[in-house]
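Printed here is entry_8.pdb (PDB, C-alpha atoms):
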```
MODEL        1
ATOM      1  CA  MET J   1     156.940  77.567  75.197
ATOM      2  CA  ALA J   2     158.464  79.938  77.749
ATOM      3  CA  THR J   3     160.469  81.631  75.012
ATOM      4  CA  ASP J   4     157.354  82.124  72.864
ATOM      5  CA  THR J   5     155.426  83.578  75.785
ATOM      6  CA  THR J   6     158.248  85.970  76.628
ATOM      7  CA  ALA J   7     158.480  87.133  73.014
ATOM      8  CA  ARG J   8     154.744  87.703  72.874
ATOM      9  CA  GLU J   9     154.821  89.707  76.106
ATOM     10  CA  ARG J  10     157.657  91.848  74.746
ATOM     11  CA  GLY J  11     155.630  92.432  71.588
ATOM     12  CA  ASP J  12     152.611  93.453  73.655
ATOM     13  CA  ARG J  13     154.696  95.908  75.661
ATOM     14  CA  GLY J  14     156.221  97.324  72.500
ATOM     15  CA  ARG J  15     152.839  97.903  70.915
ATOM     16  CA  SER J  16     151.368  99.354  74.120
ATOM     17  CA  ASP J  17     154.232 101.864  74.227
ATOM     18  CA  MET J  18     152.846 103.303  70.967
ATOM     19  CA  VAL J  19     150.228 105.026  73.071
ATOM     20  CA  GLY J  20     151.997 104.918  76.428
ATOM     21  CA  THR J  21     154.036 107.355  78.425
ATOM     22  CA  LYS J  22     157.274 106.740  76.501
ATOM     23  CA  ARG J  23     155.964 108.135  73.220
ATOM     24  CA  TRP J  24     154.764 111.522  74.593
ATOM     25  CA  PRO J  25     156.446 111.930  78.008
ATOM     26  CA  ALA J  26     155.822 115.690  78.284
ATOM     27  CA  VAL J  27     152.109 115.671  77.366
ATOM     28  CA  PRO J  28     149.787 116.007  80.403
ATOM     29  CA  GLY J  29     147.358 113.114  80.745
ATOM     30  CA  PRO J  30     144.162 115.227  80.696
ATOM     31  CA  LEU J  31     145.046 116.541  77.237
ATOM     32  CA  PHE J  32     144.744 113.022  75.831
ATOM     33  CA  ILE J  33     141.209 112.604  77.172
ATOM     34  CA  VAL J  34     140.073 116.108  76.207
ATOM     35  CA  GLY J  35     141.545 115.547  72.747
ATOM     36  CA  SER J  36     139.632 112.276  72.503
ATOM     37  CA  VAL J  37     136.352 113.942  73.509
ATOM     38  CA  ILE J  38     136.777 116.730  70.960
ATOM     39  CA  SER J  39     137.861 114.354  68.197
ATOM     40  CA  ILE J  40     134.963 111.942  68.570
ATOM     41  CA  GLN J  41     132.297 114.640  68.731
ATOM     42  CA  VAL J  42     133.692 116.603  65.781
ATOM     43  CA  GLY J  43     133.900 113.332  63.859
ATOM     44  CA  GLN J  44     130.274 112.511  64.601
ATOM     45  CA  ALA J  45     129.187 115.961  63.473
ATOM     46  CA  PHE J  46     131.028 115.515  60.164
ATOM     47  CA  GLY J  47     129.507 112.052  59.874
ATOM     48  CA  LYS J  48     126.046 113.571  59.953
ATOM     49  CA  GLN J  49     126.932 115.551  56.839
ATOM     50  CA  LEU J  50     127.191 112.264  54.902
ATOM     51  CA  PHE J  51     123.600 111.244  55.624
ATOM     52  CA  GLY J  52     122.379 112.743  52.360
ATOM     53  CA  ALA J  53     124.770 110.576  50.340
ATOM     54  CA  VAL J  54     124.673 107.158  52.018
ATOM     55  CA  GLY J  55     122.256 107.508  54.946
ATOM     56  CA  PRO J  56     123.087 106.913  58.606
ATOM     57  CA  LEU J  57     123.475 103.141  58.088
ATOM     58  CA  GLY J  58     126.049 103.739  55.361
ATOM     59  CA  VAL J  59     127.947 106.146  57.610
ATOM     60  CA  ILE J  60     127.978 103.560  60.410
ATOM     61  CA  PHE J  61     129.550 100.942  58.151
ATOM     62  CA  LEU J  62     132.134 103.300  56.643
ATOM     63  CA  ARG J  63     133.116 104.503  60.116
ATOM     64  CA  LEU J  64     133.496 100.996  61.523
ATOM     65  CA  ALA J  65     135.138  99.436  58.443
ATOM     66  CA  PHE J  66     137.811 102.112  58.101
ATOM     67  CA  ALA J  67     138.360 102.227  61.861
ATOM     68  CA  ALA J  68     138.874  98.447  61.899
ATOM     69  CA  LEU J  69     141.416  98.663  59.071
ATOM     70  CA  VAL J  70     143.338 101.437  60.839
ATOM     71  CA  LEU J  71     143.317  99.698  64.228
ATOM     72  CA  CYS J  72     144.395  96.370  62.728
ATOM     73  CA  ALA J  73     147.233  98.134  60.891
ATOM     74  CA  ILE J  74     148.349  99.815  64.116
ATOM     75  CA  TRP J  75     148.088  96.843  66.481
ATOM     76  CA  ARG J  76     148.685  93.901  64.116
ATOM     77  CA  PRO J  77     146.472  91.783  66.403
ATOM     78  CA  THR J  78     147.163  88.117  67.040
ATOM     79  CA  LEU J  79     144.317  85.626  66.714
ATOM     80  CA  PRO J  80     142.592  84.740  70.008
ATOM     81  CA  ARG J  81     143.307  81.185  71.101
ATOM     82  CA  SER J  82     140.347  80.298  73.313
ATOM     83  CA  TRP J  83     136.600  80.360  72.720
ATOM     84  CA  ARG J  84     136.221  82.520  75.827
ATOM     85  CA  GLU J  85     138.440  85.201  74.276
ATOM     86  CA  ARG J  86     136.535  84.982  71.001
ATOM     87  CA  GLY J  87     133.242  85.274  72.858
ATOM     88  CA  LEU J  88     134.453  88.409  74.624
ATOM     89  CA  ILE J  89     135.493  89.932  71.284
ATOM     90  CA  VAL J  90     132.104  89.137  69.737
ATOM     91  CA  ALA J  91     130.255  90.595  72.734
ATOM     92  CA  LEU J  92     132.449  93.717  72.729
ATOM     93  CA  GLY J  93     131.986  94.165  68.984
ATOM     94  CA  THR J  94     128.230  93.751  69.275
ATOM     95  CA  SER J  95     128.125  96.460  71.931
ATOM     96  CA  ILE J  96     130.183  98.730  69.658
ATOM     97  CA  ALA J  97     127.687  98.123  66.851
ATOM     98  CA  GLY J  98     124.907  99.020  69.287
ATOM     99  CA  MET J  99     126.704 102.242  70.259
ATOM    100  CA  ASN J 100     126.692 103.278  66.601
ATOM    101  CA  VAL J 101     122.904 103.348  66.625
ATOM    102  CA  ILE J 102     123.549 106.927  67.765
ATOM    103  CA  TYR J 103     123.775 107.818  64.062
ATOM    104  CA  LEU J 104     120.120 106.843  63.636
ATOM    105  CA  ALA J 105     119.354 109.197  66.518
ATOM    106  CA  LEU J 106     121.433 111.968  64.901
ATOM    107  CA  GLU J 107     119.173 111.702  61.841
ATOM    108  CA  ARG J 108     116.199 112.684  64.015
ATOM    109  CA  LEU J 109     117.727 114.847  66.761
ATOM    110  CA  ASP J 110     120.267 117.635  67.115
ATOM    111  CA  VAL J 111     123.741 116.288  67.891
ATOM    112  CA  GLY J 112     123.897 117.839  71.365
ATOM    113  CA  VAL J 113     120.513 116.398  72.332
ATOM    114  CA  ALA J 114     121.275 112.902  70.971
ATOM    115  CA  VAL J 115     124.689 112.640  72.657
ATOM    116  CA  THR J 116     123.297 113.855  75.982
ATOM    117  CA  LEU J 117     120.573 111.189  75.920
ATOM    118  CA  GLN J 118     123.202 108.614  74.934
ATOM    119  CA  PHE J 119     125.378 109.617  77.877
ATOM    120  CA  LEU J 120     122.612 108.563  80.275
ATOM    121  CA  GLY J 121     123.748 104.962  79.719
ATOM    122  CA  PRO J 122     127.158 105.307  81.418
ATOM    123  CA  LEU J 123     125.594 107.599  84.024
ATOM    124  CA  VAL J 124     122.993 104.982  84.982
ATOM    125  CA  LEU J 125     125.800 102.403  85.136
ATOM    126  CA  ALA J 126     127.738 104.645  87.528
ATOM    127  CA  LEU J 127     124.665 105.049  89.744
ATOM    128  CA  ALA J 128     123.581 101.398  89.619
ATOM    129  CA  GLY J 129     123.371  99.739  92.998
ATOM    130  CA  SER J 130     124.014 102.928  94.965
ATOM    131  CA  ARG J 131     121.796 103.647  97.978
ATOM    132  CA  ARG J 132     123.283 107.004  98.934
ATOM    133  CA  ILE J 133     120.993 110.001  99.063
ATOM    134  CA  ILE J 134     123.509 112.150  97.191
ATOM    135  CA  ASP J 135     123.504 109.705  94.259
ATOM    136  CA  PHE J 136     119.718 109.788  94.228
ATOM    137  CA  LEU J 137     119.929 113.587  93.927
ATOM    138  CA  TRP J 138     122.410 113.302  91.057
ATOM    139  CA  ALA J 139     119.991 110.940  89.309
ATOM    140  CA  LEU J 140     117.158 113.434  89.773
ATOM    141  CA  LEU J 141     119.324 116.155  88.246
ATOM    142  CA  ALA J 142     120.037 113.954  85.213
ATOM    143  CA  TRP J 143     116.358 113.187  84.714
ATOM    144  CA  LEU J 144     115.607 116.898  85.064
ATOM    145  CA  GLY J 145     117.827 117.345  82.031
ATOM    146  CA  VAL J 146     115.789 114.745  80.132
ATOM    147  CA  PHE J 147     112.561 116.479  81.163
ATOM    148  CA  LEU J 148     113.860 119.817  79.895
ATOM    149  CA  PHE J 149     114.598 118.192  76.536
ATOM    150  CA  ALA J 150     111.192 116.535  76.329
ATOM    151  CA  ASN J 151     109.136 119.434  77.670
ATOM    152  CA  PRO J 152     107.299 121.014  74.716
ATOM    153  CA  GLY J 153     107.350 124.315  76.550
ATOM    154  CA  GLY J 154     111.130 124.224  76.356
ATOM    155  CA  GLY J 155     110.965 124.111  72.580
ATOM    156  CA  ALA J 156     112.628 120.711  72.209
ATOM    157  CA  GLY J 157     109.871 118.572  70.687
ATOM    158  CA  LEU J 158     111.919 115.364  70.792
ATOM    159  CA  SER J 159     111.437 112.690  68.156
ATOM    160  CA  ILE J 160     110.263 109.511  69.905
ATOM    161  CA  SER J 161     112.182 107.219  67.561
ATOM    162  CA  GLY J 162     115.285 109.414  67.831
ATOM    163  CA  THR J 163     115.071 109.281  71.622
ATOM    164  CA  VAL J 164     114.740 105.486  71.565
ATOM    165  CA  PHE J 165     117.776 105.129  69.289
ATOM    166  CA  ALA J 166     119.836 107.426  71.535
ATOM    167  CA  LEU J 167     118.868 105.465  74.655
ATOM    168  CA  VAL J 168     119.650 102.131  72.954
ATOM    169  CA  SER J 169     123.051 103.546  72.032
ATOM    170  CA  GLY J 170     123.537 104.665  75.645
ATOM    171  CA  ALA J 171     122.662 101.206  76.983
ATOM    172  CA  SER J 172     125.163  99.705  74.526
ATOM    173  CA  MET J 173     127.760 102.214  75.719
ATOM    174  CA  ALA J 174     127.262 101.064  79.318
ATOM    175  CA  ILE J 175     127.769  97.439  78.227
ATOM    176  CA  TYR J 176     130.818  98.495  76.207
ATOM    177  CA  VAL J 177     132.373 100.111  79.297
ATOM    178  CA  VAL J 178     132.017  96.875  81.277
ATOM    179  CA  LEU J 179     133.291  94.621  78.473
ATOM    180  CA  ASN J 180     136.143  96.939  77.490
ATOM    181  CA  LYS J 181     137.344  96.971  81.094
ATOM    182  CA  ARG J 182     137.285  93.168  81.071
ATOM    183  CA  ALA J 183     139.194  93.095  77.786
ATOM    184  CA  GLY J 184     141.737  95.576  79.141
ATOM    185  CA  ALA J 185     142.423  93.246  82.049
ATOM    186  CA  LYS J 186     143.356  90.468  79.635
ATOM    187  CA  THR J 187     145.698  92.341  77.291
ATOM    188  CA  SER J 188     147.828  95.483  77.399
ATOM    189  CA  ASN J 189     147.396  96.273  73.700
ATOM    190  CA  GLY J 190     144.561  96.879  71.253
ATOM    191  CA  ASP J 191     144.120  93.331  69.910
ATOM    192  CA  TYR J 192     140.658  92.791  71.361
ATOM    193  CA  LEU J 193     139.492  96.267  70.350
ATOM    194  CA  ALA J 194     140.712  95.888  66.753
ATOM    195  CA  TYR J 195     138.894  92.588  66.278
ATOM    196  CA  ALA J 196     135.796  93.878  68.064
ATOM    197  CA  VAL J 197     135.522  96.901  65.767
ATOM    198  CA  ALA J 198     135.986  94.583  62.771
ATOM    199  CA  TRP J 199     133.128  92.385  64.033
ATOM    200  CA  ALA J 200     130.938  95.471  64.508
ATOM    201  CA  ALA J 201     131.665  96.433  60.877
ATOM    202  CA  VAL J 202     130.578  92.977  59.715
ATOM    203  CA  LEU J 203     127.304  93.301  61.645
ATOM    204  CA  SER J 204     126.571  96.690  60.069
ATOM    205  CA  MET J 205     127.390  95.677  56.488
ATOM    206  CA  PRO J 206     124.003  94.240  55.338
ATOM    207  CA  THR J 207     121.942  97.280  56.371
ATOM    208  CA  ALA J 208     124.600  99.635  54.975
ATOM    209  CA  VAL J 209     124.474  97.950  51.565
ATOM    210  CA  TRP J 210     120.676  98.101  51.649
ATOM    211  CA  GLN J 211     120.611 101.845  52.372
ATOM    212  CA  GLY J 212     123.837 103.198  50.896
ATOM    213  CA  GLY J 213     124.228 100.920  47.888
ATOM    214  CA  SER J 214     126.751 101.831  45.221
ATOM    215  CA  ALA J 215     126.932 105.409  46.541
ATOM    216  CA  MET J 216     129.370 104.180  49.195
ATOM    217  CA  LEU J 217     131.897 103.401  46.461
ATOM    218  CA  GLN J 218     132.203 106.993  45.295
ATOM    219  CA  PRO J 219     135.776 108.236  45.888
ATOM    220  CA  TRP J 220     134.707 111.357  47.805
ATOM    221  CA  VAL J 221     132.389 109.301  50.029
ATOM    222  CA  LEU J 222     135.189 106.821  50.803
ATOM    223  CA  ALA J 223     137.578 109.685  51.601
ATOM    224  CA  ALA J 224     135.004 111.344  53.844
ATOM    225  CA  GLY J 225     134.258 108.007  55.535
ATOM    226  CA  LEU J 226     137.951 107.516  56.243
ATOM    227  CA  GLY J 227     138.115 110.982  57.804
ATOM    228  CA  VAL J 228     135.071 110.283  59.983
ATOM    229  CA  ALA J 229     136.566 106.944  61.062
ATOM    230  CA  LEU J 230     139.857 108.574  62.034
ATOM    231  CA  LEU J 231     138.233 111.441  63.929
ATOM    232  CA  SER J 232     135.446 109.541  65.671
ATOM    233  CA  ALA J 233     137.076 106.144  66.289
ATOM    234  CA  ALA J 234     140.756 105.445  65.579
ATOM    235  CA  ILE J 235     142.204 108.673  67.031
ATOM    236  CA  PRO J 236     139.990 108.893  70.163
ATOM    237  CA  TYR J 237     140.442 105.181  70.964
ATOM    238  CA  THR J 238     144.219 105.663  70.819
ATOM    239  CA  LEU J 239     144.106 108.840  72.899
ATOM    240  CA  ASP J 240     141.895 107.127  75.479
ATOM    241  CA  MET J 241     144.426 104.334  75.917
ATOM    242  CA  ALA J 242     147.233 106.871  76.378
ATOM    243  CA  GLY J 243     145.196 108.876  78.891
ATOM    244  CA  LEU J 244     144.164 105.812  80.884
ATOM    245  CA  ARG J 245     147.835 104.935  81.384
ATOM    246  CA  ARG J 246     148.475 108.317  83.014
ATOM    247  CA  LEU J 247     145.259 109.125  84.888
ATOM    248  CA  PRO J 248     143.050 107.378  87.451
ATOM    249  CA  PRO J 249     139.686 106.166  86.090
ATOM    250  CA  ARG J 250     137.766 108.764  88.130
ATOM    251  CA  THR J 251     139.634 111.644  86.473
ATOM    252  CA  VAL J 252     139.036 110.143  83.037
ATOM    253  CA  ALA J 253     135.322 109.811  83.782
ATOM    254  CA  VAL J 254     135.078 113.468  84.831
ATOM    255  CA  LEU J 255     136.760 114.623  81.618
ATOM    256  CA  GLN J 256     134.560 112.359  79.490
ATOM    257  CA  SER J 257     131.529 113.900  81.162
ATOM    258  CA  LEU J 258     132.175 116.935  78.967
ATOM    259  CA  GLU J 259     131.054 114.993  75.882
ATOM    260  CA  PRO J 260     127.452 116.301  75.726
ATOM    261  CA  ALA J 261     128.610 119.933  75.959
ATOM    262  CA  VAL J 262     131.384 119.387  73.389
ATOM    263  CA  ALA J 263     128.859 117.661  71.106
ATOM    264  CA  GLY J 264     126.594 120.712  71.272
ATOM    265  CA  LEU J 265     129.467 123.050  70.431
ATOM    266  CA  ALA J 266     130.694 120.805  67.593
ATOM    267  CA  ALA J 267     127.203 120.790  66.094
ATOM    268  CA  VAL J 268     127.099 124.591  66.198
ATOM    269  CA  VAL J 269     130.470 124.919  64.437
ATOM    270  CA  VAL J 270     130.214 122.053  61.927
ATOM    271  CA  LEU J 271     126.479 121.816  61.235
ATOM    272  CA  GLY J 272     125.103 125.180  62.292
ATOM    273  CA  GLU J 273     122.660 123.523  64.728
ATOM    274  CA  ILE J 274     121.579 126.126  67.272
ATOM    275  CA  LEU J 275     120.279 124.832  70.590
ATOM    276  CA  THR J 276     117.847 126.789  72.735
ATOM    277  CA  GLY J 277     118.723 128.079  76.178
ATOM    278  CA  THR J 278     116.544 125.354  77.708
ATOM    279  CA  GLN J 279     118.416 122.666  75.780
ATOM    280  CA  TRP J 280     121.784 124.005  76.954
ATOM    281  CA  LEU J 281     120.408 123.971  80.514
ATOM    282  CA  ALA J 282     119.393 120.336  80.009
ATOM    283  CA  ILE J 283     122.903 119.472  78.802
ATOM    284  CA  GLY J 284     124.336 121.267  81.820
ATOM    285  CA  CYS J 285     122.155 119.194  84.173
ATOM    286  CA  VAL J 286     123.382 115.901  82.720
ATOM    287  CA  VAL J 287     127.030 117.012  82.680
ATOM    288  CA  LEU J 288     126.836 118.230  86.282
ATOM    289  CA  ALA J 289     125.110 115.012  87.377
ATOM    290  CA  SER J 290     127.850 112.952  85.725
ATOM    291  CA  VAL J 291     130.680 114.984  87.263
ATOM    292  CA  GLY J 292     128.983 114.893  90.666
ATOM    293  CA  THR J 293     128.481 111.141  90.519
ATOM    294  CA  VAL J 294     132.155 110.549  89.763
ATOM    295  CA  THR J 295     133.654 113.061  92.197
ATOM    296  CA  THR J 296     131.432 112.472  95.237
ATOM    297  CA  PRO J 297     133.564 110.669  97.847
ATOM    298  CA  ARG J 298     132.515 107.096  98.566
ATOM    299  CA  LYS J 299     132.942 105.219 101.822
ATOM    300  CA  ARG J 300     135.714 102.670 101.758
ATOM    301  CA  PRO J 301     134.702  99.135 102.700
ATOM    302  CA  LYS J 302     135.720  98.070 106.196
ATOM    303  CA  GLU J 303     138.750  95.831 106.300
TER
ENDMDL
END
```
Encoded form (structure tokens):
Amino acid sequence: MATDTTARERGDRGRSDMVGTKRWPAVPGPLFIVGSVISIQVGQAFGKQLFGAVGPLGVIFLRLAFAALVLCAIWRPTLPRSWRERGLIVALGTSIAGMNVIYLALERLDVGVAVTLQFLGPLVLALAGSRRIIDFLWALLAWLGVFLFANPGGGAGLSISGTVFALVSGASMAIYVVLNKRAGAKTSNGDYLAYAVAWAAVLSMPTAVWQGGSAMLQPWVLAAGLGVALLSAAIPYTLDMAGLRRLPPRTVAVLQSLEPAVAGLAAVVVLGEILTGTQWLAIGCVVLASVGTVTTPRKRPKE
């Protein structure tokens, strides 16, 4: 038994080194996180281009199915042994499926607007339970950004259903952050993540078949779906793991706070979506609130 455990631990360390400091020793940690942010937002923008062929539900399934195949090929995950581990994987996968509701929001909103509303989920999680005045001010700044989006005078004219989908995705993202941290404490490799993404793909399959149908089997659609999966899931997940092994969580959170701004820029380049000055100001409010929340010094508990 001891020999088996030791072999498994060595295997875990070997697979974790695939994205650890040994593989790219000269690459600064922040570049991994920035690369992840750019990759996922560019991937989502390209994913929106497939809506006309298979709809947003079809894109969700293609993204998750191909991402699961790639992650399972990379990590070669071992089967979980306890029901508690399986339950965590199911919960994590369900939250990942919920995060992908963002594609339903992208159908109704500009990419920069949808991703900014989605990012309110992790921001609310970061502010939860805080009683500091400064955190209250950061929350007000974030909600100012939402008001600027929703204000008709600002030219936004938000879709109600699109806003709801983006907020549901954001709430799922907050749950994902909590569950992924718990999963990371149990394993040093991507076993849990690979199975969770596979479970999310299973959950999305029925609605994808209903909307996308046989169109999802077209060779060009499958190739495009693989590209979206690599850009928006497999590559950023791998880069995140590499970055988290080099940087403290606070630094990672600051860099990830750039996602709404990067999403707006990716939409301009890939889709030609032009945001108004008011919308860019709204994105700036949410980004600044996120950075401020993470970087504001907190009092250490008394020993």
Practice prompt. Run the PyMOL selection byres ((chain J and resi 75) around 8) on the file and write out the hits as number ranges by chain.
Written response: J: 15, 71-74, 76-77, 189-191, 194
If you count all atoms listed in the file, which residues fall within 9 Å of J:Gly264, apart from same-chain ones fewer than 3 positions away, as an mmCIF file with C-alpha atoms, in the frame of the given file?
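What ended up in out.cif:
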```cif
data_model
loop_
_atom_site.group_PDB
_atom_site.id
_atom_site.type_symbol
_atom_site.label_atom_id
_atom_site.label_comp_id
_atom_site.auth_asym_id
_atom_site.auth_seq_id
_atom_site.Cartn_x
_atom_site.Cartn_y
_atom_site.Cartn_z
ATOM 1 C CA GLN J 41 132.297 114.640 68.731
ATOM 2 C CA ASP J 110 120.267 117.635 67.115
ATOM 3 C CA VAL J 111 123.741 116.288 67.891
ATOM 4 C CA GLY J 112 123.897 117.839 71.365
ATOM 5 C CA VAL J 113 120.513 116.398 72.332
ATOM 6 C CA VAL J 115 124.689 112.640 72.657
ATOM 7 C CA THR J 116 123.297 113.855 75.982
ATOM 8 C CA GLU J 259 131.054 114.993 75.882
ATOM 9 C CA PRO J 260 127.452 116.301 75.726
ATOM 10 C CA ALA J 261 128.610 119.933 75.959
ATOM 11 C CA ALA J 267 127.203 120.790 66.094
ATOM 12 C CA VAL J 268 127.099 124.591 66.198
ATOM 13 C CA VAL J 269 130.470 124.919 64.437
ATOM 14 C CA GLU J 273 122.660 123.523 64.728
ATOM 15 C CA ILE J 274 121.579 126.126 67.272
ATOM 16 C CA LEU J 275 120.279 124.832 70.590
ATOM 17 C CA TRP J 280 121.784 124.005 76.954
ATOM 18 C CA ILE J 283 122.903 119.472 78.802
#
```
Item to complete: Run through the PyMOL selection byres ((chain J and resi 290) around 12) on the given coordinates and return the selected residues as a PyMOL selection string.
Response: chain J and resi 116+119-127+135+137-143+145+250-260+283-289+291-296
Discussion item. So, with only C-alpha atoms as the atoms that count, which of J:Asn180, J:Ser232, J:Gln211, J:Ser39 lies closest to J:Ile89?
Written reply: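 Of all the options, J:Asn180 lies closest to J:Ile89.
Every protein, DNA or RNA residue with an atom at most 8 Å from J:Leu50, where all atoms listed in the file count and chain neighbours fewer than 6 positions away do not, is listed here: Pro56, Val59, Val221 and Ala224 of chain J.
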Using the selection just defined, write its residues with C-alpha atoms as a compact mmCIF listing (two decimals), in the frame of the given file.
```txt
# COMPACT_ATOMS: atom_id res chain seq x y z
CA PRO J 56 123.09 106.91 58.61
CA VAL J 59 127.95 106.15 57.61
CA VAL J 221 132.39 109.30 50.03
CA ALA J 224 135.00 111.34 53.84
```
Item to complete: Tell me which of J:Phe46, J:Trp83, J:Phe165, J:Tyr237 sits closest to J:Gly98, counting all atoms listed in the file.
Response: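 Result for the nearest residue to J:Gly98: J:Phe165.
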Item to complete: Could you tell me which residues the PyMOL selection byres ((chain J and resi 100) around 12) returns for this structure, as a VMD selection string?
Response: chain J and resid 44 47 56 to 64 93 to 99 101 to 106 114 to 115 118 165 to 173 176 197 200 to 201 203 to 204 229 232 to 233
Response to the item:
In terms of only C-alpha atoms, the residue from J:Leu144, J:Val70, J:Gln218, J:Leu239 at minimal distance from J:Ala198 is J:Val70
Taking all atoms of stretch 256-264 of chain J that the file lists, what box with edges along x, y and z, padded by 5 Å per side, do you get, with centre and edge lengths in Å to one decimal, as JSON?
```
{"center_x": 130.6, "center_y": 116.5, "center_z": 76.1, "size_x": 18.0, "size_y": 18.4, "size_z": 20.1}
```
Practice prompt. Can you work out the spacing between atom CA of J:Lys186 and atom CA of J:Glu85 in Å, to one decimal?
Written response: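 Computed distance, atom CA of J:Lys186 to atom CA of J:Glu85, equals 9.0 Å.
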